[in-house]
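Coordinates as given in run_17.pdb (PDB, C-alpha atoms, pLDDT in the B column):
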```
MODEL        1
ATOM      1  CA  MET A 149     -20.199  -5.978  -7.947  1.00 40.00           C
ATOM      2  CA  ARG A 150     -18.241  -2.746  -7.774  1.00 40.00           C
ATOM      3  CA  ALA A 151     -17.985  -1.318  -4.287  1.00 45.00           C
ATOM      4  CA  ALA A 152     -17.161   2.270  -3.441  1.00 44.00           C
ATOM      5  CA  PRO A 153     -13.367   2.667  -3.636  1.00 50.00           C
ATOM      6  CA  VAL A 154     -11.321   2.879  -0.504  1.00 50.00           C
ATOM      7  CA  TRP A 155      -8.596   5.506  -0.713  1.00 46.00           C
ATOM      8  CA  PHE A 156      -5.574   6.574   1.210  1.00 47.00           C
ATOM      9  CA  LEU A 157      -3.078   9.396   0.976  1.00 47.00           C
ATOM     10  CA  ALA A 158       0.644   9.708   1.534  1.00 45.00           C
ATOM     11  CA  LEU A 159       1.496  13.166   2.836  1.00 41.00           C
ATOM     12  CA  LEU A 160       4.764  14.882   3.595  1.00 37.00           C
ATOM     13  CA  LEU A 161       4.038  15.458   7.279  1.00 35.00           C
ATOM     14  CA  SER A 162       6.117  16.443  10.272  1.00 30.00           C
ATOM     15  CA  SER A 163       6.451  14.164  13.274  1.00 33.00           C
ATOM     16  CA  CYS A 164       7.320  14.788  16.896  1.00 35.00           C
ATOM     17  CA  ALA A 165       7.566  11.142  17.984  1.00 39.00           C
ATOM     18  CA  LEU A 166      10.470  10.378  20.299  1.00 42.00           C
ATOM     19  CA  PRO A 167      12.689   7.573  18.928  1.00 47.00           C
ATOM     20  CA  GLY A 168      12.892   5.759  22.264  1.00 50.00           C
ATOM     21  CA  VAL A 169       9.123   5.739  22.671  1.00 47.00           C
ATOM     22  CA  GLU A 170       8.634   4.624  19.081  1.00 48.00           C
ATOM     23  CA  GLU A 171      11.095   1.740  19.396  1.00 50.00           C
ATOM     24  CA  ALA A 172       9.475   0.563  22.609  1.00 46.00           C
ATOM     25  CA  ARG A 173       6.051   0.679  20.969  1.00 49.00           C
ATOM     26  CA  GLN A 174       7.230  -1.452  18.060  1.00 48.00           C
ATOM     27  CA  LEU A 175       8.788  -4.028  20.395  1.00 51.00           C
ATOM     28  CA  GLU A 176       5.411  -4.348  22.122  1.00 66.00           C
ATOM     29  CA  THR A 177       3.523  -4.846  18.846  1.00 82.00           C
ATOM     30  CA  SER A 178       2.922  -8.450  17.834  1.00 93.00           C
ATOM     31  CA  PRO A 179       2.629  -9.366  14.147  1.00 95.00           C
ATOM     32  CA  THR A 180      -1.029 -10.266  14.673  1.00 95.00           C
ATOM     33  CA  GLN A 181      -1.844  -6.900  16.245  1.00 95.00           C
ATOM     34  CA  ARG A 182       0.037  -5.010  13.538  1.00 96.00           C
ATOM     35  CA  TYR A 183      -1.800  -7.003  10.883  1.00 97.00           C
ATOM     36  CA  ILE A 184      -5.133  -6.102  12.448  1.00 96.00           C
ATOM     37  CA  ASP A 185      -4.020  -2.466  12.615  1.00 95.00           C
ATOM     38  CA  VAL A 186      -3.171  -2.196   8.910  1.00 96.00           C
ATOM     39  CA  ALA A 187      -5.608  -4.670   7.334  1.00 96.00           C
ATOM     40  CA  LEU A 188      -8.808  -4.147   9.325  1.00 93.00           C
ATOM     41  CA  SER A 189      -9.080  -0.403   9.790  1.00 84.00           C
ATOM     42  CA  CYS A 190      -8.615   2.712   7.692  1.00 78.00           C
ATOM     43  CA  GLU A 191      -8.566   6.464   8.061  1.00 67.00           C
ATOM     44  CA  TYR A 192     -10.374   7.707   4.990  1.00 64.00           C
ATOM     45  CA  ALA A 193     -13.436   7.145   2.806  1.00 61.00           C
ATOM     46  CA  ASP A 194     -15.414   3.909   2.599  1.00 73.00           C
ATOM     47  CA  CYS A 195     -13.715   1.042   4.379  1.00 81.00           C
ATOM     48  CA  PRO A 196     -14.409  -2.626   3.706  1.00 89.00           C
ATOM     49  CA  VAL A 197     -15.639  -4.718   6.618  1.00 91.00           C
ATOM     50  CA  GLY A 198     -13.101  -7.480   7.084  1.00 95.00           C
ATOM     51  CA  VAL A 199      -9.977  -8.527   5.246  1.00 97.00           C
ATOM     52  CA  VAL A 200      -9.743  -7.717   1.539  1.00 97.00           C
ATOM     53  CA  LYS A 201      -7.195  -9.384  -0.729  1.00 98.00           C
ATOM     54  CA  PRO A 202      -6.897 -10.460  -4.362  1.00 98.00           C
ATOM     55  CA  ALA A 203      -7.933 -13.911  -5.504  1.00 97.00           C
ATOM     56  CA  GLY A 204      -4.516 -14.606  -6.982  1.00 96.00           C
ATOM     57  CA  GLY A 205      -1.793 -12.707  -8.776  1.00 97.00           C
ATOM     58  CA  VAL A 206      -2.085  -9.087  -9.885  1.00 98.00           C
ATOM     59  CA  SER A 207      -0.922  -7.532 -13.143  1.00 98.00           C
ATOM     60  CA  VAL A 208       0.903  -4.205 -12.772  1.00 98.00           C
ATOM     61  CA  ARG A 209       0.312  -1.895 -15.728  1.00 97.00           C
ATOM     62  CA  VAL A 210       1.873   1.562 -16.055  1.00 98.00           C
ATOM     63  CA  ASN A 211      -0.555   3.931 -17.804  1.00 97.00           C
ATOM     64  CA  THR A 212       1.856   6.846 -18.255  1.00 97.00           C
ATOM     65  CA  ASP A 213       5.393   7.463 -19.412  1.00 97.00           C
ATOM     66  CA  ILE A 214       7.919   6.061 -16.976  1.00 98.00           C
ATOM     67  CA  THR A 215      11.525   7.148 -16.406  1.00 98.00           C
ATOM     68  CA  PRO A 216      14.385   4.718 -15.754  1.00 98.00           C
ATOM     69  CA  GLU A 217      14.409   5.797 -12.087  1.00 98.00           C
ATOM     70  CA  GLN A 218      10.671   5.197 -11.739  1.00 98.00           C
ATOM     71  CA  GLU A 219      11.038   1.837 -13.482  1.00 98.00           C
ATOM     72  CA  LYS A 220      13.773   0.862 -11.035  1.00 98.00           C
ATOM     73  CA  ALA A 221      11.606   1.849  -8.058  1.00 98.00           C
ATOM     74  CA  LEU A 222       8.626  -0.092  -9.400  1.00 98.00           C
ATOM     75  CA  ASN A 223      10.679  -3.198 -10.174  1.00 98.00           C
ATOM     76  CA  SER A 224      12.187  -3.084  -6.672  1.00 98.00           C
ATOM     77  CA  SER A 225       8.703  -2.840  -5.150  1.00 98.00           C
ATOM     78  CA  ILE A 226       7.457  -5.789  -7.184  1.00 98.00           C
ATOM     79  CA  GLU A 227      10.509  -7.848  -6.208  1.00 98.00           C
ATOM     80  CA  GLN A 228      10.131  -7.044  -2.508  1.00 98.00           C
ATOM     81  CA  TRP A 229       6.408  -7.836  -2.495  1.00 98.00           C
ATOM     82  CA  ASN A 230       6.895 -11.115  -4.356  1.00 98.00           C
ATOM     83  CA  GLY A 231       9.632 -12.169  -1.951  1.00 98.00           C
ATOM     84  CA  ALA A 232       7.140 -11.881   0.918  1.00 98.00           C
ATOM     85  CA  CYS A 233       3.975 -12.915  -0.913  1.00 98.00           C
ATOM     86  CA  PRO A 234       4.371 -15.768  -3.405  1.00 96.00           C
ATOM     87  CA  ASN A 235       0.641 -16.603  -3.253  1.00 96.00           C
ATOM     88  CA  HIS A 236      -0.413 -13.217  -4.676  1.00 98.00           C
ATOM     89  CA  PRO A 237       2.481 -12.093  -6.871  1.00 98.00           C
ATOM     90  CA  LEU A 238       2.727  -8.837  -8.759  1.00 98.00           C
ATOM     91  CA  SER A 239       3.823  -9.138 -12.386  1.00 97.00           C
ATOM     92  CA  ARG A 240       3.940  -7.160 -15.617  1.00 94.00           C
ATOM     93  CA  ASP A 241       1.960  -9.948 -17.303  1.00 91.00           C
ATOM     94  CA  ARG A 242      -1.134  -8.364 -18.837  1.00 88.00           C
ATOM     95  CA  SER A 243      -2.918 -11.701 -19.112  1.00 90.00           C
ATOM     96  CA  VAL A 244      -3.589 -11.650 -15.349  1.00 93.00           C
ATOM     97  CA  ALA A 245      -7.203 -10.555 -14.844  1.00 91.00           C
ATOM     98  CA  THR A 246      -6.812  -8.356 -11.751  1.00 96.00           C
ATOM     99  CA  GLU A 247      -4.943  -5.159 -12.589  1.00 97.00           C
ATOM    100  CA  MET A 248      -3.067  -2.545 -10.612  1.00 98.00           C
ATOM    101  CA  LEU A 249      -2.869   0.585 -12.737  1.00 98.00           C
ATOM    102  CA  ILE A 250       0.106   2.864 -12.023  1.00 98.00           C
ATOM    103  CA  TYR A 251       0.236   6.546 -12.958  1.00 98.00           C
ATOM    104  CA  PHE A 252       3.333   8.727 -12.676  1.00 98.00           C
ATOM    105  CA  VAL A 253       2.034  12.285 -13.073  1.00 97.00           C
ATOM    106  CA  PRO A 254       2.905  15.791 -11.843  1.00 96.00           C
ATOM    107  CA  GLU A 255       1.287  16.584  -8.529  1.00 95.00           C
ATOM    108  CA  THR A 256      -0.867  19.215 -10.251  1.00 94.00           C
ATOM    109  CA  GLU A 257      -2.387  16.480 -12.431  1.00 95.00           C
ATOM    110  CA  MET A 258      -3.008  13.848  -9.771  1.00 93.00           C
ATOM    111  CA  ALA A 259      -6.646  14.898  -9.385  1.00 94.00           C
ATOM    112  CA  ASP A 260      -7.124  13.960 -13.052  1.00 94.00           C
ATOM    113  CA  VAL A 261      -6.162  10.385 -12.146  1.00 94.00           C
ATOM    114  CA  LEU A 262      -7.908  10.106  -8.786  1.00 91.00           C
ATOM    115  CA  SER A 263     -10.569  12.635  -7.885  1.00 87.00           C
ATOM    116  CA  ILE A 264      -9.927  12.103  -4.175  1.00 84.00           C
ATOM    117  CA  TYR A 265      -6.617  13.963  -4.485  1.00 87.00           C
ATOM    118  CA  VAL A 266      -6.025  16.579  -1.790  1.00 86.00           C
ATOM    119  CA  GLU A 267      -3.365  19.255  -2.139  1.00 86.00           C
ATOM    120  CA  GLY A 268      -0.070  18.064  -0.709  1.00 86.00           C
ATOM    121  CA  ASN A 269      -0.466  14.393  -1.682  1.00 87.00           C
ATOM    122  CA  VAL A 270       2.538  12.838  -3.373  1.00 94.00           C
ATOM    123  CA  GLY A 271       1.221   9.285  -3.469  1.00 94.00           C
ATOM    124  CA  LEU A 272      -2.227   7.753  -3.165  1.00 93.00           C
ATOM    125  CA  PHE A 273      -4.209   4.702  -4.156  1.00 93.00           C
ATOM    126  CA  THR A 274      -7.686   3.315  -4.498  1.00 92.00           C
ATOM    127  CA  TYR A 275      -9.003  -0.182  -4.821  1.00 94.00           C
ATOM    128  CA  ASP A 276     -12.321  -1.874  -5.531  1.00 94.00           C
ATOM    129  CA  TRP A 277     -13.659  -5.038  -3.933  1.00 96.00           C
ATOM    130  CA  ASP A 278     -16.625  -7.283  -4.593  1.00 96.00           C
ATOM    131  CA  ALA A 279     -19.258  -8.836  -2.358  1.00 96.00           C
ATOM    132  CA  THR A 280     -16.828 -11.553  -1.257  1.00 97.00           C
ATOM    133  CA  ASN A 281     -14.196  -8.978  -0.168  1.00 97.00           C
ATOM    134  CA  THR A 282     -11.986  -9.968  -3.087  1.00 98.00           C
ATOM    135  CA  LEU A 283      -9.995  -7.133  -4.636  1.00 98.00           C
ATOM    136  CA  THR A 284     -11.013  -6.580  -8.245  1.00 97.00           C
ATOM    137  CA  GLY A 285      -8.728  -3.701  -9.236  1.00 97.00           C
ATOM    138  CA  MET A 286      -6.354  -1.066  -7.892  1.00 97.00           C
ATOM    139  CA  THR A 287      -5.103   2.359  -8.987  1.00 97.00           C
ATOM    140  CA  VAL A 288      -1.900   3.990  -7.745  1.00 97.00           C
ATOM    141  CA  ALA A 289      -0.768   7.560  -8.458  1.00 97.00           C
ATOM    142  CA  ILE A 290       2.762   8.803  -7.747  1.00 98.00           C
ATOM    143  CA  ALA A 291       3.961  12.381  -8.168  1.00 97.00           C
ATOM    144  CA  THR A 292       6.692  12.816 -10.771  1.00 98.00           C
ATOM    145  CA  GLU A 293       8.359  15.391  -8.513  1.00 97.00           C
ATOM    146  CA  LEU A 294       9.583  12.537  -6.304  1.00 98.00           C
ATOM    147  CA  GLU A 295      13.062  11.162  -6.846  1.00 97.00           C
ATOM    148  CA  GLY A 296      15.695   9.100  -5.108  1.00 97.00           C
ATOM    149  CA  SER A 297      14.757   7.438  -1.829  1.00 97.00           C
ATOM    150  CA  GLU A 298      11.452   9.320  -1.576  1.00 97.00           C
ATOM    151  CA  LEU A 299      10.375   7.937  -4.939  1.00 98.00           C
ATOM    152  CA  ALA A 300      11.385   4.410  -3.913  1.00 98.00           C
ATOM    153  CA  HIS A 301       9.546   4.774  -0.607  1.00 98.00           C
ATOM    154  CA  PHE A 302       6.238   5.987  -1.976  1.00 97.00           C
ATOM    155  CA  VAL A 303       6.136   3.483  -4.834  1.00 98.00           C
ATOM    156  CA  LEU A 304       6.704   0.654  -2.340  1.00 98.00           C
ATOM    157  CA  GLU A 305       4.200   2.070   0.166  1.00 97.00           C
ATOM    158  CA  GLU A 306       1.361   2.669  -2.272  1.00 97.00           C
ATOM    159  CA  THR A 307       1.704  -0.605  -4.172  1.00 98.00           C
ATOM    160  CA  THR A 308       1.854  -2.507  -0.878  1.00 98.00           C
ATOM    161  CA  GLN A 309      -1.178  -0.822   0.636  1.00 96.00           C
ATOM    162  CA  ALA A 310      -3.141  -1.262  -2.589  1.00 97.00           C
ATOM    163  CA  MET A 311      -2.969  -5.025  -2.012  1.00 98.00           C
ATOM    164  CA  GLY A 312      -5.343  -4.706   0.957  1.00 97.00           C
ATOM    165  CA  LEU A 313      -3.011  -3.524   3.733  1.00 97.00           C
ATOM    166  CA  MET A 314      -4.632  -0.143   3.849  1.00 93.00           C
ATOM    167  CA  ASN A 315      -4.012   1.636   7.116  1.00 93.00           C
ATOM    168  CA  ASP A 316      -1.095   3.731   8.372  1.00 93.00           C
ATOM    169  CA  VAL A 317       0.670   3.209  11.689  1.00 94.00           C
ATOM    170  CA  ASP A 318       3.112   5.164  13.844  1.00 93.00           C
ATOM    171  CA  ASP A 319       6.390   3.364  13.162  1.00 96.00           C
ATOM    172  CA  ARG A 320       9.099   5.128  11.171  1.00 94.00           C
ATOM    173  CA  ARG A 321      10.829   1.843  10.355  1.00 95.00           C
ATOM    174  CA  SER A 322       7.701   0.472   8.685  1.00 97.00           C
ATOM    175  CA  ILE A 323       6.503   0.971   5.126  1.00 97.00           C
ATOM    176  CA  PHE A 324       3.095   1.672   6.695  1.00 96.00           C
ATOM    177  CA  ASP A 325       4.329   4.672   8.681  1.00 93.00           C
ATOM    178  CA  GLY A 326       1.961   7.605   8.379  1.00 87.00           C
ATOM    179  CA  GLY A 327       4.516  10.253   9.362  1.00 86.00           C
ATOM    180  CA  THR A 328       7.985  11.161   8.158  1.00 87.00           C
ATOM    181  CA  GLY A 329       9.390   7.642   7.878  1.00 88.00           C
ATOM    182  CA  ARG A 330      10.918   7.064   4.449  1.00 94.00           C
ATOM    183  CA  THR A 331      12.076   3.466   4.499  1.00 97.00           C
ATOM    184  CA  THR A 332      12.622   1.876   1.091  1.00 98.00           C
ATOM    185  CA  THR A 333      12.568  -1.734   2.315  1.00 98.00           C
ATOM    186  CA  TYR A 334      10.186  -3.778   4.411  1.00 98.00           C
ATOM    187  CA  SER A 335      11.011  -4.123   8.098  1.00 97.00           C
ATOM    188  CA  ASP A 336      10.950  -7.555   9.722  1.00 97.00           C
ATOM    189  CA  LEU A 337       7.525  -6.732  11.143  1.00 97.00           C
ATOM    190  CA  ASP A 338       6.310  -5.606   7.709  1.00 98.00           C
ATOM    191  CA  LEU A 339       7.447  -8.915   6.245  1.00 98.00           C
ATOM    192  CA  SER A 340       5.614 -10.827   8.953  1.00 97.00           C
ATOM    193  CA  ILE A 341       2.278  -9.146   8.313  1.00 96.00           C
ATOM    194  CA  ILE A 342       2.604  -9.357   4.517  1.00 98.00           C
ATOM    195  CA  GLU A 343       3.305 -13.074   4.843  1.00 98.00           C
ATOM    196  CA  MET A 344       0.270 -13.363   7.127  1.00 97.00           C
ATOM    197  CA  HIS A 345      -1.930 -11.447   4.671  1.00 98.00           C
ATOM    198  CA  CYS A 346      -0.864 -13.694   1.809  1.00 98.00           C
ATOM    199  CA  SER A 347      -1.216 -16.928   3.750  1.00 97.00           C
ATOM    200  CA  SER A 348      -4.042 -19.289   2.853  1.00 96.00           C
ATOM    201  CA  ALA A 349      -5.013 -19.101   6.539  1.00 96.00           C
ATOM    202  CA  ILE A 350      -6.220 -15.529   5.952  1.00 97.00           C
ATOM    203  CA  THR A 351      -9.313 -15.343   3.759  1.00 97.00           C
ATOM    204  CA  PRO A 352     -11.353 -12.396   2.465  1.00 97.00           C
ATOM    205  CA  GLY A 353     -13.979 -11.194   4.913  1.00 97.00           C
ATOM    206  CA  MET A 354     -12.201 -12.295   8.089  1.00 97.00           C
ATOM    207  CA  LEU A 355     -12.732 -10.004  11.073  1.00 96.00           C
ATOM    208  CA  ALA A 356     -10.220  -9.248  13.832  1.00 95.00           C
ATOM    209  CA  GLU A 357     -11.543 -12.025  16.053  1.00 95.00           C
ATOM    210  CA  ASP A 358     -11.087 -14.535  13.212  1.00 94.00           C
ATOM    211  CA  ILE A 359      -7.380 -13.862  12.703  1.00 93.00           C
ATOM    212  CA  PRO A 360      -5.400 -16.933  13.782  1.00 85.00           C
TER     213      PRO A 360
ENDMDL
END
```

Rewrite the structure from the file as structure tokens, please.
Amino acid sequence: MRAAPVWFLALLLSSCALPGVEEARQLETSPTQRYIDVALSCEYADCPVGVVKPAGGVSVRVNTDITPEQEKALNSSIEQWNGACPNHPLSRDRSVATEMLIYFVPETEMADVLSIYVEGNVGLFTYDWDATNTLTGMTVAIATELEGSELAHFVLEETTQAMGLMNDVDDRRSIFDGGTGRTTTYSDLDLSIIEMHCSSAITPGMLAEDIP
């Protein structure tokens, strides 16, 4: 069964959050609440009801040319994810059935990859899920105009969210930040919720009240 794709956008936005307020908010956020925030709600398009995650590992396949800098950013993202999520590893092994397709294209061509592109996007993803809330495939598009830490950030953000952690939050230290945060590594809280998502205790279809 192919469900309507869920999609999310990474925008270069301004933020007026006060650092002190933001830090206090993060200290008050438990891993369980942050997991519910990013895994069980979304801002755009058709959202799945309940947790969605892959059945096992996921094969990462680049469908465009890739520069050494882009390759480095992608390899770093795969390494970081796998360090937090051994149960659902990302690999370049094409024999793995579930695929995450990666496209590095100019921003002007991103709509050719994903029709949900909106002007100003520099990174976006979609995924499909079946009737059991199991992810069956993902697509990630990254603008070739990105370089340096911005490239590393958006590759890590989009590949991470494409694994079923779909929603943005207001936390500049998190890879899920929806504002101007540009971290290139997972925060401690990010690691906690990724580990939770990948745990066998979390199964596809779980609702907020089911989360242990």

Test item: residues at most 10 Å from Gly231 in chain A, only C-alpha atoms, excluding those fewer than 4 positions along its chain, as a ChimeraX atom specification:
/A:225-227,237,339,342-343

Separating CA of Phe273 in chain A from CA of Ser178 in chain A, to the nearest tenth of an Å, is a gap of 26.6 Å

Exercise for review: Apply the PyMOL selection byres ((chain A and resi 357) around 12) to the structure shown and report the selected residues as a PyMOL selection string.
Suggested key: chain A and resi 180-181+184+188+198-199+350+353-356+358-360

Across A:Ala203, A:Val244, A:Ala291, A:Ala310, the smallest distance to Met258 in chain A, with all atoms listed in the file counted, is shown by A:Ala291

- Got a sec to resolve the PyMOL selection byres ((chain A and resi 332) around 9) on this structure and send the residues as a list in words?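 Here the PyMOL selection byres ((chain A and resi 332) around 9) matches Ser225, Ser297, Glu298, Leu299, Ala300, His301, Phe302, Val303, Leu304, Glu305, Ile323, Arg330, Thr331, Thr333 and Tyr334 of chain A.
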
So that all listed atoms of range 310-323 of chain A fit with 4 Å spare on each side, what axis-aligned box centre and edge lengths in Å, to one decimal, would you give as lines of an AutoDock Vina configuration file?
```
center_x = 2.7
center_y = 0.1
center_z = 5.6
size_x = 24.2
size_y = 18.2
size_z = 24.4
```

Practice item. Find, counting only C-alpha atoms, the residue in A:Ala221, A:Cys346, A:Leu238, A:Leu272 that gets nearest to Gly312 in chain A. Key: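 For Gly312 in chain A, the nearest of the given residues is A:Cys346.
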
Best match for closeness to Thr307 in chain A among A:Thr284, A:Thr212, A:Tyr265, A:Phe324, counting all atoms listed in the file: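 Using all atoms listed in the file, the shortest distance to Thr307 in chain A belongs to A:Phe324.
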
Which residues, named as in the file, does the PyMOL selection byres ((chain A and resi 285) around 7) pick out? Answer as JSON, numbers by chain.
{"A": [246, 247, 248, 275, 276, 283, 284, 286]}

**Asked** How far is it from CA of Glu217 in chain A to CA of Glu293 in chain A, in Å with one decimal?
**Response**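 Straight-line distance from CA of Glu217 in chain A to CA of Glu293 in chain A works out to 11.9 Å.
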
Quiz item: Got a sec to check which residues sit within 8 Å of (-7.5, -16.7, -2.2), counting all atoms listed in the file, and write them as JSON, numbers by chain?
Solution: {"A": [201, 202, 203, 204, 348, 351, 352]}

A straight line from CA of Asn269 in chain A to CA of Asn281 in chain A spans 27.1 Å

Handout entry: Distance query 12 Å from (-0.6, 16.8, -9.0) using all atoms listed in the file, result as a list in words
Key =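 Residues lying no farther than 12 Å from the given point: Tyr251, Phe252, Val253, Pro254, Glu255, Thr256, Glu257, Met258, Ala259, Asp260, Val261, Leu262, Ser263, Ile264, Tyr265, Val266, Glu267, Gly268, Asn269, Val270, Gly271, Leu272, Ala289, Ile290, Ala291, Thr292, Glu293 and Leu294 of chain A.
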
Task: Nearest to Ala187 in chain A by atom-to-atom distance, counting all atoms listed in the file, from A:Leu313, A:Met344, A:Arg320, A:Thr215 - done: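 Going through A:Leu313, A:Met344, A:Arg320, A:Thr215 one by one, the smallest distance to Ala187 in chain A is for A:Leu313.
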
Once all heavy atoms are restored for range 259-267 of chain A, what would the output be as an mmCIF file, keeping the file's coordinate frame?
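Generated file (part_20.cif):
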```cif
data_model
loop_
_atom_site.group_PDB
_atom_site.id
_atom_site.type_symbol
_atom_site.label_atom_id
_atom_site.label_comp_id
_atom_site.auth_asym_id
_atom_site.auth_seq_id
_atom_site.Cartn_x
_atom_site.Cartn_y
_atom_site.Cartn_z
ATOM 1 N N ALA A 259 -5.180 14.905 -9.498
ATOM 2 C CA ALA A 259 -6.646 14.898 -9.385
ATOM 3 C C ALA A 259 -7.299 14.392 -10.663
ATOM 4 O O ALA A 259 -8.437 13.909 -10.637
ATOM 5 C CB ALA A 259 -7.153 16.291 -9.046
ATOM 6 N N ASP A 260 -6.590 14.487 -11.800
ATOM 7 C CA ASP A 260 -7.124 13.960 -13.052
ATOM 8 C C ASP A 260 -7.134 12.434 -13.051
ATOM 9 O O ASP A 260 -7.912 11.813 -13.769
ATOM 10 C CB ASP A 260 -6.297 14.465 -14.239
ATOM 11 C CG ASP A 260 -6.359 15.977 -14.391
ATOM 12 O OD1 ASP A 260 -7.364 16.568 -13.959
ATOM 13 O OD2 ASP A 260 -5.391 16.554 -14.931
ATOM 14 N N VAL A 261 -6.242 11.843 -12.247
ATOM 15 C CA VAL A 261 -6.162 10.385 -12.146
ATOM 16 C C VAL A 261 -7.114 9.868 -11.079
ATOM 17 O O VAL A 261 -7.870 8.924 -11.306
ATOM 18 C CB VAL A 261 -4.720 9.944 -11.832
ATOM 19 C CG1 VAL A 261 -4.646 8.431 -11.636
ATOM 20 C CG2 VAL A 261 -3.764 10.393 -12.923
ATOM 21 N N LEU A 262 -7.061 10.508 -9.901
ATOM 22 C CA LEU A 262 -7.908 10.106 -8.786
ATOM 23 C C LEU A 262 -8.554 11.363 -8.205
ATOM 24 O O LEU A 262 -7.861 12.242 -7.692
ATOM 25 C CB LEU A 262 -7.086 9.381 -7.712
ATOM 26 C CG LEU A 262 -6.551 8.001 -8.116
ATOM 27 C CD1 LEU A 262 -5.595 7.462 -7.060
ATOM 28 C CD2 LEU A 262 -7.690 7.025 -8.338
ATOM 29 N N SER A 263 -9.853 11.419 -8.290
ATOM 30 C CA SER A 263 -10.569 12.635 -7.885
ATOM 31 C C SER A 263 -10.473 12.903 -6.401
ATOM 32 O O SER A 263 -10.793 14.000 -5.945
ATOM 33 C CB SER A 263 -12.048 12.538 -8.296
ATOM 34 O OG SER A 263 -12.670 11.425 -7.664
ATOM 35 N N ILE A 264 -10.034 11.914 -5.616
ATOM 36 C CA ILE A 264 -9.927 12.103 -4.175
ATOM 37 C C ILE A 264 -8.631 12.825 -3.786
ATOM 38 O O ILE A 264 -8.364 13.006 -2.608
ATOM 39 C CB ILE A 264 -10.022 10.759 -3.435
ATOM 40 C CG1 ILE A 264 -9.147 9.670 -4.066
ATOM 41 C CG2 ILE A 264 -11.456 10.293 -3.415
ATOM 42 C CD1 ILE A 264 -7.717 9.745 -3.796
ATOM 43 N N TYR A 265 -7.859 13.247 -4.775
ATOM 44 C CA TYR A 265 -6.617 13.963 -4.485
ATOM 45 C C TYR A 265 -6.876 15.193 -3.631
ATOM 46 O O TYR A 265 -7.835 15.939 -3.852
ATOM 47 C CB TYR A 265 -5.934 14.382 -5.788
ATOM 48 C CG TYR A 265 -4.804 15.348 -5.585
ATOM 49 C CD1 TYR A 265 -3.556 14.914 -5.149
ATOM 50 C CD2 TYR A 265 -4.983 16.722 -5.791
ATOM 51 C CE1 TYR A 265 -2.520 15.798 -4.941
ATOM 52 C CE2 TYR A 265 -3.954 17.609 -5.588
ATOM 53 C CZ TYR A 265 -2.721 17.148 -5.162
ATOM 54 O OH TYR A 265 -1.699 18.037 -4.946
ATOM 55 N N VAL A 266 -6.008 15.390 -2.636
ATOM 56 C CA VAL A 266 -6.025 16.579 -1.790
ATOM 57 C C VAL A 266 -4.660 17.235 -1.899
ATOM 58 O O VAL A 266 -3.629 16.548 -1.931
ATOM 59 C CB VAL A 266 -6.329 16.213 -0.320
ATOM 60 C CG1 VAL A 266 -6.260 17.443 0.578
ATOM 61 C CG2 VAL A 266 -7.691 15.543 -0.204
ATOM 62 N N GLU A 267 -4.628 18.536 -1.959
ATOM 63 C CA GLU A 267 -3.365 19.255 -2.139
ATOM 64 C C GLU A 267 -2.336 18.813 -1.103
ATOM 65 O O GLU A 267 -2.615 18.733 0.085
ATOM 66 C CB GLU A 267 -3.591 20.765 -2.026
ATOM 67 C CG GLU A 267 -2.338 21.577 -2.325
ATOM 68 C CD GLU A 267 -2.603 23.072 -2.298
ATOM 69 O OE1 GLU A 267 -3.763 23.467 -2.106
ATOM 70 O OE2 GLU A 267 -1.643 23.841 -2.484
#
```
